[in-house]
Each structure stands twice: as C-alpha cells, then as structure tokens.
$ cat query.tsv   # TSV, N, CA and C atoms
chain	number	residue	atom	x	y	z
M	1	MET	N	137.78	147.48	-37.51
M	1	MET	CA	139.10	148.06	-37.69
M	1	MET	C	138.95	149.47	-38.25
M	2	GLU	N	139.61	150.40	-37.61
M	2	GLU	CA	139.61	151.78	-38.09
M	2	GLU	C	140.71	151.93	-39.14
M	3	VAL	N	140.39	152.65	-40.19
M	3	VAL	CA	141.35	152.90	-41.26
M	3	VAL	C	141.45	154.41	-41.47
M	4	THR	N	142.53	154.81	-42.10
M	4	THR	CA	142.71	156.23	-42.41
M	4	THR	C	141.79	156.63	-43.55
M	5	PRO	N	141.55	157.92	-43.74
M	5	PRO	CA	140.74	158.35	-44.88
M	5	PRO	C	141.29	157.85	-46.22
M	6	GLY	N	142.61	157.86	-46.37
M	6	GLY	CA	143.21	157.37	-47.62
M	6	GLY	C	142.95	155.88	-47.83
M	7	GLU	N	143.13	155.10	-46.77
M	7	GLU	CA	142.86	153.66	-46.85
M	7	GLU	C	141.40	153.42	-47.17
M	8	ALA	N	140.53	154.20	-46.54
M	8	ALA	CA	139.09	154.07	-46.77
M	8	ALA	C	138.75	154.34	-48.22
M	9	ARG	N	139.36	155.34	-48.78
M	9	ARG	CA	139.10	155.71	-50.18
M	9	ARG	C	139.43	154.54	-51.11
M	10	TYR	N	140.56	153.91	-50.88
M	10	TYR	CA	140.96	152.76	-51.70
M	10	TYR	C	140.04	151.57	-51.46
M	11	LEU	N	139.76	151.27	-50.19
M	11	LEU	CA	138.90	150.13	-49.88
M	11	LEU	C	137.52	150.27	-50.52
M	12	LEU	N	136.92	151.45	-50.40
M	12	LEU	CA	135.60	151.66	-50.98
M	12	LEU	C	135.63	151.56	-52.50
M	13	THR	N	136.68	152.08	-53.11
M	13	THR	CA	136.79	152.00	-54.57
M	13	THR	C	136.93	150.55	-55.02
M	14	ILE	N	137.81	149.81	-54.37
M	14	ILE	CA	137.99	148.39	-54.72
M	14	ILE	C	136.70	147.62	-54.47
M	15	PHE	N	136.03	147.90	-53.37
M	15	PHE	CA	134.77	147.24	-53.03
M	15	PHE	C	133.70	147.52	-54.09
M	16	ASP	N	133.57	148.79	-54.48
M	16	ASP	CA	132.57	149.16	-55.48
M	16	ASP	C	132.84	148.49	-56.82
M	17	ILE	N	134.09	148.46	-57.22
M	17	ILE	CA	134.46	147.83	-58.49
M	17	ILE	C	134.19	146.33	-58.44
M	18	ALA	N	134.54	145.70	-57.34
M	18	ALA	CA	134.30	144.26	-57.19
M	18	ALA	C	132.81	143.95	-57.23
M	19	ARG	N	132.01	144.78	-56.58
M	19	ARG	CA	130.55	144.57	-56.61
M	19	ARG	C	129.99	144.69	-58.02
M	20	ALA	N	130.63	145.51	-58.83
M	20	ALA	CA	130.19	145.67	-60.22
M	20	ALA	C	130.67	144.51	-61.09
M	21	GLY	N	131.49	143.63	-60.52
M	21	GLY	CA	131.96	142.47	-61.26
M	21	GLY	C	133.07	142.74	-62.25
M	22	VAL	N	133.76	143.85	-62.06
M	22	VAL	CA	134.84	144.25	-62.97
M	22	VAL	C	136.18	143.86	-62.35
M	23	ARG	N	137.04	143.28	-63.14
M	23	ARG	CA	138.39	142.95	-62.68
M	23	ARG	C	139.21	144.23	-62.73
M	24	ILE	N	140.03	144.44	-61.72
M	24	ILE	CA	140.76	145.70	-61.62
M	24	ILE	C	142.26	145.46	-61.56
M	25	SER	N	142.99	146.37	-62.18
M	25	SER	CA	144.45	146.34	-62.11
M	25	SER	C	144.90	147.55	-61.29
M	26	GLN	N	146.16	147.52	-60.87
M	26	GLN	CA	146.69	148.66	-60.12
M	26	GLN	C	146.65	149.93	-60.96
M	27	ALA	N	146.93	149.80	-62.25
M	27	ALA	CA	146.91	150.98	-63.13
M	27	ALA	C	145.50	151.56	-63.24
M	28	SER	N	144.49	150.69	-63.40
M	28	SER	CA	143.13	151.21	-63.50
M	28	SER	C	142.64	151.77	-62.16
M	29	LEU	N	143.11	151.18	-61.06
M	29	LEU	CA	142.78	151.72	-59.74
M	29	LEU	C	143.37	153.13	-59.59
M	30	ALA	N	144.62	153.29	-59.99
M	30	ALA	CA	145.27	154.60	-59.92
M	30	ALA	C	144.51	155.62	-60.76
M	31	ARG	N	144.14	155.24	-61.98
M	31	ARG	CA	143.38	156.16	-62.85
M	31	ARG	C	142.05	156.53	-62.21
M	32	ARG	N	141.35	155.55	-61.69
M	32	ARG	CA	140.02	155.78	-61.09
M	32	ARG	C	140.11	156.74	-59.91
M	33	LEU	N	141.21	156.63	-59.15
M	33	LEU	CA	141.38	157.48	-57.98
M	33	LEU	C	142.10	158.79	-58.29
M	34	GLY	N	142.62	158.92	-59.51
M	34	GLY	CA	143.33	160.14	-59.88
M	34	GLY	C	144.67	160.29	-59.20
M	35	VAL	N	145.37	159.16	-58.99
M	35	VAL	CA	146.69	159.19	-58.36
M	35	VAL	C	147.70	158.54	-59.30
M	36	SER	N	148.97	158.69	-58.97
M	36	SER	CA	150.02	158.08	-59.78
M	36	SER	C	150.10	156.58	-59.49
M	37	GLY	N	150.72	155.86	-60.40
M	37	GLY	CA	150.94	154.43	-60.20
M	37	GLY	C	151.71	154.12	-58.93
M	38	PRO	N	152.84	154.81	-58.67
M	38	PRO	CA	153.59	154.55	-57.44
M	38	PRO	C	152.78	154.85	-56.17
M	39	THR	N	151.94	155.86	-56.21
M	39	THR	CA	151.10	156.17	-55.05
M	39	THR	C	150.11	155.03	-54.80
M	40	ALA	N	149.50	154.54	-55.88
M	40	ALA	CA	148.56	153.42	-55.74
M	40	ALA	C	149.29	152.18	-55.22
M	41	LEU	N	150.47	151.92	-55.74
M	41	LEU	CA	151.25	150.76	-55.31
M	41	LEU	C	151.56	150.84	-53.82
M	42	GLU	N	151.94	152.00	-53.35
M	42	GLU	CA	152.25	152.19	-51.92
M	42	GLU	C	151.03	151.87	-51.05
M	43	MET	N	149.86	152.36	-51.46
M	43	MET	CA	148.66	152.11	-50.67
M	43	MET	C	148.24	150.65	-50.75
M	44	VAL	N	148.38	150.04	-51.91
M	44	VAL	CA	148.06	148.61	-52.04
M	44	VAL	C	148.94	147.80	-51.11
M	45	ARG	N	150.21	148.12	-51.06
M	45	ARG	CA	151.14	147.43	-50.14
M	45	ARG	C	150.69	147.60	-48.68
M	46	ARG	N	150.29	148.82	-48.34
M	46	ARG	CA	149.85	149.08	-46.97
M	46	ARG	C	148.59	148.27	-46.65
M	47	LEU	N	147.63	148.23	-47.58
M	47	LEU	CA	146.41	147.46	-47.35
M	47	LEU	C	146.70	145.97	-47.23
M	48	ARG	N	147.69	145.49	-47.97
M	48	ARG	CA	148.10	144.08	-47.84
M	48	ARG	C	148.73	143.83	-46.47
M	49	GLN	N	149.57	144.75	-46.02
M	49	GLN	CA	150.20	144.60	-44.71
M	49	GLN	C	149.17	144.60	-43.58
M	50	LEU	N	148.10	145.33	-43.79
M	50	LEU	CA	147.02	145.38	-42.80
M	50	LEU	C	146.11	144.15	-42.89
M	51	GLY	N	146.32	143.32	-43.90
M	51	GLY	CA	145.50	142.13	-44.08
M	51	GLY	C	144.16	142.41	-44.72
M	52	LEU	N	144.04	143.54	-45.42
M	52	LEU	CA	142.77	143.93	-46.04
M	52	LEU	C	142.68	143.53	-47.51
M	53	LEU	N	143.83	143.28	-48.14
M	53	LEU	CA	143.89	142.83	-49.53
M	53	LEU	C	144.67	141.53	-49.59
M	54	LYS	N	144.27	140.66	-50.51
M	54	LYS	CA	145.01	139.40	-50.72
M	54	LYS	C	146.38	139.72	-51.30
M	55	ASP	N	147.32	138.83	-51.08
M	55	ASP	CA	148.71	139.07	-51.46
M	55	ASP	C	148.93	139.24	-52.97
M	56	GLU	N	148.29	138.45	-53.79
M	56	GLU	CA	148.61	138.44	-55.21
M	56	GLU	C	147.55	139.09	-56.10
M	57	SER	N	146.58	139.74	-55.51
M	57	SER	CA	145.52	140.35	-56.33
M	57	SER	C	144.98	141.60	-55.64
M	58	LEU	N	144.09	142.27	-56.31
M	58	LEU	CA	143.42	143.42	-55.71
M	58	LEU	C	142.05	143.00	-55.19
M	59	GLU	N	142.03	141.82	-54.61
M	59	GLU	CA	140.80	141.27	-54.04
M	59	GLU	C	140.82	141.47	-52.53
M	60	LEU	N	139.70	141.89	-51.99
M	60	LEU	CA	139.61	142.11	-50.55
M	60	LEU	C	139.62	140.79	-49.80
M	61	THR	N	140.28	140.77	-48.66
M	61	THR	CA	140.20	139.62	-47.76
M	61	THR	C	138.88	139.73	-47.01
M	62	SER	N	138.58	138.76	-46.16
M	62	SER	CA	137.35	138.86	-45.37
M	62	SER	C	137.40	140.08	-44.45
M	63	ALA	N	138.59	140.38	-43.90
M	63	ALA	CA	138.73	141.58	-43.07
M	63	ALA	C	138.54	142.84	-43.91
M	64	GLY	N	139.05	142.83	-45.13
M	64	GLY	CA	138.88	143.97	-46.03
M	64	GLY	C	137.43	144.17	-46.43
M	65	THR	N	136.75	143.08	-46.68
M	65	THR	CA	135.32	143.16	-47.02
M	65	THR	C	134.52	143.69	-45.84
M	66	SER	N	134.84	143.21	-44.65
M	66	SER	CA	134.16	143.68	-43.45
M	66	SER	C	134.38	145.18	-43.25
M	67	ALA	N	135.63	145.61	-43.42
M	67	ALA	CA	135.94	147.04	-43.28
M	67	ALA	C	135.19	147.85	-44.34
M	68	ALA	N	135.17	147.34	-45.58
M	68	ALA	CA	134.49	148.06	-46.67
M	68	ALA	C	132.99	148.14	-46.42
M	69	LEU	N	132.40	147.08	-45.89
M	69	LEU	CA	130.96	147.12	-45.58
M	69	LEU	C	130.66	148.18	-44.52
M	70	GLY	N	131.50	148.24	-43.50
M	70	GLY	CA	131.33	149.27	-42.48
M	70	GLY	C	131.48	150.67	-43.06
M	71	LEU	N	132.46	150.84	-43.94
M	71	LEU	CA	132.64	152.13	-44.61
M	71	LEU	C	131.46	152.45	-45.52
M	72	GLY	N	130.90	151.41	-46.14
M	72	GLY	CA	129.72	151.62	-46.99
M	72	GLY	C	128.55	152.15	-46.19
M	73	ARG	N	128.38	151.63	-44.97
M	73	ARG	CA	127.31	152.14	-44.10
M	73	ARG	C	127.58	153.60	-43.72
M	74	ARG	N	128.85	153.90	-43.45
M	74	ARG	CA	129.20	155.28	-43.12
M	74	ARG	C	128.99	156.20	-44.32
M	75	ARG	N	129.31	155.70	-45.52
M	75	ARG	CA	129.09	156.50	-46.73
M	75	ARG	C	127.60	156.76	-46.91
M	76	GLN	N	126.76	155.75	-46.66
M	76	GLN	CA	125.32	155.93	-46.77
M	76	GLN	C	124.84	156.97	-45.76
M	77	ALA	N	125.37	156.91	-44.54
M	77	ALA	CA	124.99	157.89	-43.53
M	77	ALA	C	125.45	159.29	-43.93
M	78	ALA	N	126.63	159.39	-44.53
M	78	ALA	CA	127.12	160.68	-45.01
M	78	ALA	C	126.21	161.22	-46.11
M	79	ARG	N	125.70	160.32	-46.96
M	79	ARG	CA	124.74	160.74	-48.00
M	79	ARG	C	123.48	161.32	-47.36
M	80	VAL	N	122.99	160.64	-46.33
M	80	VAL	CA	121.80	161.14	-45.62
M	80	VAL	C	122.07	162.54	-45.10
M	81	LEU	N	123.24	162.73	-44.49
M	81	LEU	CA	123.58	164.03	-43.93
M	81	LEU	C	123.63	165.11	-45.02
M	82	VAL	N	124.36	164.87	-46.09
M	82	VAL	CA	124.54	165.93	-47.08
M	82	VAL	C	123.33	166.12	-47.98
M	83	LEU	N	122.59	165.05	-48.27
M	83	LEU	CA	121.43	165.19	-49.16
M	83	LEU	C	120.16	165.53	-48.40
M	84	ASP	N	119.84	164.76	-47.37
M	84	ASP	CA	118.56	164.92	-46.67
M	84	ASP	C	118.59	166.01	-45.61
M	85	VAL	N	119.70	166.13	-44.89
M	85	VAL	CA	119.76	167.11	-43.81
M	85	VAL	C	120.22	168.47	-44.33
M	86	LEU	N	121.32	168.48	-45.08
M	86	LEU	CA	121.87	169.75	-45.55
M	86	LEU	C	121.28	170.21	-46.88
M	87	GLY	N	120.63	169.32	-47.62
M	87	GLY	CA	119.94	169.69	-48.84
M	87	GLY	C	120.81	169.94	-50.06
M	88	LEU	N	122.00	169.36	-50.10
M	88	LEU	CA	122.85	169.52	-51.29
M	88	LEU	C	122.23	168.77	-52.46
M	89	GLU	N	122.52	169.22	-53.66
M	89	GLU	CA	122.06	168.53	-54.86
M	89	GLU	C	122.80	167.20	-54.97
M	90	GLU	N	122.19	166.22	-55.64
M	90	GLU	CA	122.74	164.87	-55.66
M	90	GLU	C	124.17	164.80	-56.20
M	91	GLY	N	124.47	165.44	-57.30
M	91	GLY	CA	125.82	165.39	-57.87
M	91	GLY	C	126.87	165.91	-56.91
M	92	GLU	N	126.64	167.08	-56.38
M	92	GLU	CA	127.57	167.67	-55.41
M	92	GLU	C	127.58	166.87	-54.11
M	93	GLY	N	126.42	166.41	-53.69
M	93	GLY	CA	126.29	165.68	-52.45
M	93	GLY	C	127.03	164.35	-52.47
M	94	GLU	N	127.04	163.67	-53.61
M	94	GLU	CA	127.75	162.38	-53.71
M	94	GLU	C	129.24	162.56	-53.44
M	95	GLY	N	129.83	163.59	-54.03
M	95	GLY	CA	131.25	163.85	-53.82
M	95	GLY	C	131.54	164.20	-52.37
M	96	GLU	N	130.69	165.02	-51.78
M	96	GLU	CA	130.87	165.39	-50.38
M	96	GLU	C	130.72	164.18	-49.47
M	97	ALA	N	129.74	163.34	-49.75
M	97	ALA	CA	129.53	162.14	-48.94
M	97	ALA	C	130.72	161.20	-49.04
M	98	ARG	N	131.28	161.07	-50.22
M	98	ARG	CA	132.45	160.19	-50.41
M	98	ARG	C	133.64	160.70	-49.59
M	99	ARG	N	133.83	162.01	-49.56
M	99	ARG	CA	134.94	162.59	-48.79
M	99	ARG	C	134.67	162.53	-47.28
M	100	LEU	N	133.43	162.66	-46.89
M	100	LEU	CA	133.04	162.69	-45.49
M	100	LEU	C	132.98	161.31	-44.85
M	101	ALA	N	132.66	160.28	-45.62
M	101	ALA	CA	132.40	158.94	-45.08
M	101	ALA	C	133.45	158.42	-44.12
M	102	PRO	N	134.75	158.53	-44.42
M	102	PRO	CA	135.73	157.97	-43.48
M	102	PRO	C	135.73	158.66	-42.12
M	103	ALA	N	135.23	159.89	-42.06
M	103	ALA	CA	135.23	160.64	-40.80
M	103	ALA	C	133.96	160.41	-39.98
M	104	VAL	N	132.95	159.79	-40.57
M	104	VAL	CA	131.70	159.54	-39.86
M	104	VAL	C	131.90	158.37	-38.91
M	105	SER	N	131.60	158.58	-37.65
M	105	SER	CA	131.73	157.49	-36.68
M	105	SER	C	130.59	156.50	-36.86
M	106	SER	N	130.79	155.30	-36.36
M	106	SER	CA	129.72	154.30	-36.45
M	106	SER	C	128.51	154.74	-35.64
M	107	THR	N	128.72	155.47	-34.55
M	107	THR	CA	127.61	155.97	-33.74
M	107	THR	C	126.79	156.98	-34.53
M	108	LEU	N	127.47	157.94	-35.17
M	108	LEU	CA	126.76	158.93	-35.98
M	108	LEU	C	126.05	158.26	-37.14
M	109	ALA	N	126.70	157.31	-37.78
M	109	ALA	CA	126.08	156.59	-38.90
M	109	ALA	C	124.79	155.91	-38.45
M	110	ARG	N	124.86	155.22	-37.33
M	110	ARG	CA	123.68	154.52	-36.81
M	110	ARG	C	122.54	155.50	-36.54
M	111	HIS	N	122.85	156.63	-35.92
M	111	HIS	CA	121.80	157.61	-35.59
M	111	HIS	C	121.22	158.26	-36.84
M	112	LEU	N	122.06	158.58	-37.81
M	112	LEU	CA	121.56	159.17	-39.05
M	112	LEU	C	120.64	158.20	-39.79
M	113	MET	N	121.04	156.94	-39.84
M	113	MET	CA	120.22	155.95	-40.53
M	113	MET	C	118.91	155.71	-39.79
M	114	ARG	N	118.97	155.70	-38.47
M	114	ARG	CA	117.75	155.54	-37.68
M	114	ARG	C	116.84	156.75	-37.89
M	115	TRP	N	117.43	157.95	-37.92
M	115	TRP	CA	116.66	159.18	-38.14
M	115	TRP	C	115.94	159.12	-39.48
M	116	ARG	N	116.63	158.63	-40.47
M	116	ARG	CA	116.05	158.55	-41.82
M	116	ARG	C	115.09	157.37	-41.93
M	117	GLY	N	115.29	156.34	-41.10
M	117	GLY	CA	114.44	155.16	-41.18
M	117	GLY	C	114.82	154.26	-42.33
M	118	SER	N	116.12	154.25	-42.71
M	118	SER	CA	116.59	153.46	-43.82
M	118	SER	C	117.14	152.13	-43.36
M	119	PRO	N	117.22	151.16	-44.32
M	119	PRO	CA	117.88	149.89	-43.99
M	119	PRO	C	119.36	150.14	-43.74
M	120	LYS	N	120.02	149.21	-43.05
M	120	LYS	CA	121.41	149.39	-42.66
M	120	LYS	C	122.40	148.97	-43.73
M	121	SER	N	121.96	148.42	-44.83
M	121	SER	CA	122.91	147.98	-45.85
M	121	SER	C	123.37	149.13	-46.71
M	122	PRO	N	124.66	149.10	-47.14
M	122	PRO	CA	125.17	150.18	-48.00
M	122	PRO	C	124.57	150.09	-49.38
M	123	ARG	N	124.50	151.24	-50.06
M	123	ARG	CA	124.03	151.15	-51.44
M	123	ARG	C	125.12	151.43	-52.40

$ encode --input "query.tsv" --output "structure tokens"
Amino acid sequence: MEVTPGEARYLLTIFDIARAGVRISQASLARRLGVSGPTALEMVRRLRQLGLLKDESLELTSAGTSAALGLGRRRQAARVLVLDVLGLEEGEGEGEARRLAPAVSSTLARHLMRWRGSPKSPR
C-alpha cells in the first residue's frame, strides 16, 4: 500500500516507538513529531480509516505493520544514499534520510541495498 509522506512519517514514528516497547499517547506522538494535538488527531483518524491503526489505540494493524516495514526498508535505502553515496555526516544524513524515505520507490530501495550488499531488514 502506498502512503503519503505525512502518513509515512506517522507510521514510521509509531513503528519505531512500538519497537522500543514504549506505550504512546496522541499527545506524546504530537510532541515527538512537532505538530499540534489536532493535527495529530486528524492523521490518526486517517490512518484508522485506511486500516493501518487499530480503532481504540495507537497500535498498528497487520496492514500498518506491513506498510511500516516497507517504509523501514525505504528509510534504510535512503540512509545508504545520503550516507554512503552522497557522503553526508551521520547526524545530518539521518534527518535527510527520514525526509527522503517516503519518496524512495521499492525498486530504488532494492537496488541501493543490493549495491551496498546489506540485509533487507530495516534498522
């Protein structure tokens, strides 16, 4: 499933927080993303309508997890591009990779990861 850059940003953030084992609220999600509470609420509603978030929590559905895993691979490929190919420093490169990830196609991600010789799992 293709998602917008905004949807991707929320999915990846929720996915990363869940992997860290931290329970998240809408308010903490808004703070983490630097958006207002109403903005976060609107996106959470949209992700629920798309079937990517469970109805009563900020937990990803299986479709949401699948989408987040795909985005994680794209984020890893974006890291390869900005750090290994373009030579950006890690701090600056991480931010650029995060912004670039939703725009990286699965084809480009696959080729970048093959070029680097890395495993396909997101980090």

$ closest_residue --input "query.tsv" --among "M:Leu47, M:Leu12, M:Val3, M:Leu108" --to "M:Leu69" --atoms "only N, CA and C atoms"
M:Leu12

$ closest_residue --input "query.tsv" --among "M:Leu86, M:Met1, M:Ala109, M:Ile14" --to "M:Arg74" --atoms "only C-alpha atoms"
M:Ala109

$ closest_residue --input "query.tsv" --among "M:Phe15, M:Val85, M:Val35, M:Leu41" --to "M:Thr65" --atoms "all atoms listed in the file"
M:Phe15

$ residues_around --input "query.tsv" --residues "stretch 96-104 of chain M" --least-positions-apart "6" --cutoff "7 Å" --atoms "only C-alpha atoms" --output "PyMOL selection string"
chain M and resi 5+8+71+74-75+78-79+82

$ closest_residue --input "query.tsv" --among "M:Met113, M:Leu58, M:Ala63, M:Val80" --to "M:Met43" --atoms "only C-alpha atoms"
M:Leu58

$ atom_distance --input "query.tsv" --atom1 "atom CA of M:Ser36" --atom2 "atom N of M:Tyr10"
13.6 Å

$ closest_residue --input "query.tsv" --among "M:Leu52, M:Arg45, M:Arg9, M:Arg19" --to "M:Leu33" --atoms "only N, CA and C atoms"
M:Arg9

$ residues_around --input "query.tsv" --residues "M:Arg31" --least-positions-apart "6" --cutoff "10 Å" --atoms "only C-alpha atoms" --output "PDB file with N, CA and C atoms, keeping the file's coordinate frame"
ATOM      1  N   SER M  25     142.990 146.370 -62.180  1.00  0.00           N
ATOM      2  CA  SER M  25     144.450 146.340 -62.110  1.00  0.00           C
ATOM      3  C   SER M  25     144.900 147.550 -61.290  1.00  0.00           C
ATOM      4  N   GLY M  37     150.720 155.860 -60.400  1.00  0.00           N
ATOM      5  CA  GLY M  37     150.940 154.430 -60.200  1.00  0.00           C
ATOM      6  C   GLY M  37     151.710 154.120 -58.930  1.00  0.00           C
ATOM      7  N   ALA M  40     149.500 154.540 -55.880  1.00  0.00           N
ATOM      8  CA  ALA M  40     148.560 153.420 -55.740  1.00  0.00           C
ATOM      9  C   ALA M  40     149.290 152.180 -55.220  1.00  0.00           C
TER      10      ALA M  40
END

$ closest_residue --input "query.tsv" --among "M:Arg32, M:Lys54, M:Gly95, M:Arg46" --to "M:Glu7" --atoms "all atoms listed in the file"
M:Arg46

$ atom_distance --input "query.tsv" --atom1 "atom CA of M:Gln76" --atom2 "atom CA of M:Gly6"
18.0 Å
